[in-house]
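Colleague: Would you mind keeping the following structure in view while I ask a few things?
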Amino acid sequence: ASLTAGNSINASTGEVTYVAGWSGSTTITASAAGCNGPVTTTHVVTVTPTVSIAAFSPATSTRCQGAGAVTTTTTATNSTGITYSLDAAS
């Protein structure tokens with residue numbers, strides 16, 4: 001899946017190049033020939049997707065002092081949860 005997605009490896013150096021947006025597991029295998037060979041070893045690399053967050057809805061709001069709560073929402077991708085907070089100055 002890693003190769004068909006467009007990722008590549010330099011066979012001489014072992015440098016792996018991942019395409020933008022790739023996430024998933026890649027198994028890298030190194031092999032050497034020679035006396036008592038060939039021998040191989042593997043290394044698994046797991047690339048996790050980038051977390052992103054959508055804009056708040058509503059983006060802004062105006063309230064009269066003491067007028068109650070305003071509920072804002074947003075969503076996030078590749079996230080395990082969202083935490084909301086207020087900054088101390090506001």
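By convention here, the chains of the structure tokens are called A, B, ... in the order presented, each chain's residues are numbered starting at 1, and ligands are numbered starting at 1 in the order presented.
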For A:Thr46, list every protein, DNA or RNA residue within 7 Å, evaluated using only C-alpha atoms, and leave out those in the same chain fewer than 3 positions away; present the list as a list in words.
Modeller: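 Returned residues: Gly24, Ser25 and Thr26 of chain A.
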Colleague: If you count only C-alpha atoms, which residues fall within 12 Å of stretch 12-15 of chain A, apart from same-chain ones fewer than 5 positions away, as a list in words?
Modeller: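 Listing them by chain and then by number gives Asn7, Ile28, Thr29, Ala30, Ser31, Ala32, Thr42 and His43 of chain A.
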Colleague: Measure the distance from atom CA of A:Gly68 to atom CA of A:Ser90 in Å and round it to one decimal.
Modeller: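 We find that atom CA of A:Gly68 and atom CA of A:Ser90 lie 16.1 Å from each other.
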Colleague: Quick check, in Å to one decimal: how far apart do atom CA of A:Tyr18 and atom CA of A:Ile53 lie?
Modeller: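 Pair atom CA of A:Tyr18 / atom CA of A:Ile53 returns 23.2 Å.
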Colleague: Stretch 5-44 of chain A: which residues are strand (DSSP E) by DSSP, as a PyMOL selection string?
Modeller: chain A and resi 8-9+16-17+24-32+39-44
Colleague: Residues near A:Pro49, anyone? I mean within 10 Å using only C-alpha atoms, not counting same-chain ones fewer than 2 positions away, as a PyMOL selection string.
Modeller: chain A and resi 21-24+46-47+51-52+77-79
Colleague: Quick one: write out the picked residues with N, CA, C and O atoms as a tab-separated table (two decimals), in the first residue's frame?
Modeller:
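To be explicit, this is the file written out as selection17.tsv:
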```
chain	number	residue	atom	x	y	z
A	21	GLY	N	0.31	13.96	2.78
A	21	GLY	CA	-0.98	13.39	3.16
A	21	GLY	C	-0.95	11.91	3.48
A	21	GLY	O	-1.96	11.35	3.87
A	22	TRP	N	0.19	11.25	3.28
A	22	TRP	CA	0.27	9.81	3.57
A	22	TRP	C	0.11	9.57	5.06
A	22	TRP	O	0.69	10.25	5.89
A	23	SER	N	-0.69	8.59	5.41
A	23	SER	CA	-0.74	8.07	6.78
A	23	SER	C	-0.95	6.57	6.69
A	23	SER	O	-1.59	6.08	5.77
A	24	GLY	N	-0.36	5.88	7.62
A	24	GLY	CA	-0.45	4.43	7.64
A	24	GLY	C	0.89	3.83	8.02
A	24	GLY	O	1.80	4.52	8.44
A	46	THR	N	5.17	3.97	11.35
A	46	THR	CA	3.76	4.33	11.33
A	46	THR	C	3.67	5.85	11.27
A	46	THR	O	4.17	6.54	12.16
A	47	VAL	N	3.05	6.35	10.22
A	47	VAL	CA	2.85	7.79	10.04
A	47	VAL	C	1.41	8.09	10.43
A	47	VAL	O	0.47	7.51	9.88
A	51	VAL	N	-3.61	16.43	12.61
A	51	VAL	CA	-4.85	16.92	13.23
A	51	VAL	C	-5.18	18.28	12.63
A	51	VAL	O	-4.31	19.11	12.45
A	52	SER	N	-6.43	18.48	12.30
A	52	SER	CA	-6.88	19.79	11.84
A	52	SER	C	-8.18	20.14	12.55
A	52	SER	O	-8.88	19.26	13.05
A	77	THR	N	-10.53	16.76	12.73
A	77	THR	CA	-10.27	15.49	12.08
A	77	THR	C	-9.02	14.87	12.68
A	77	THR	O	-8.12	15.58	13.14
A	78	ASN	N	-8.96	13.55	12.69
A	78	ASN	CA	-7.81	12.79	13.20
A	78	ASN	C	-7.49	13.17	14.64
A	78	ASN	O	-6.34	13.29	15.02
A	79	SER	N	-8.52	13.38	15.43
A	79	SER	CA	-8.37	13.83	16.80
A	79	SER	C	-9.06	12.86	17.74
A	79	SER	O	-10.01	12.19	17.36
```
Colleague: Grab the atom CA of A:Thr60 to atom CA of A:Thr75 distance for me, in Å with one decimal place.
Modeller: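 Atom CA of A:Thr75 lies 16.4 Å from atom CA of A:Thr60.
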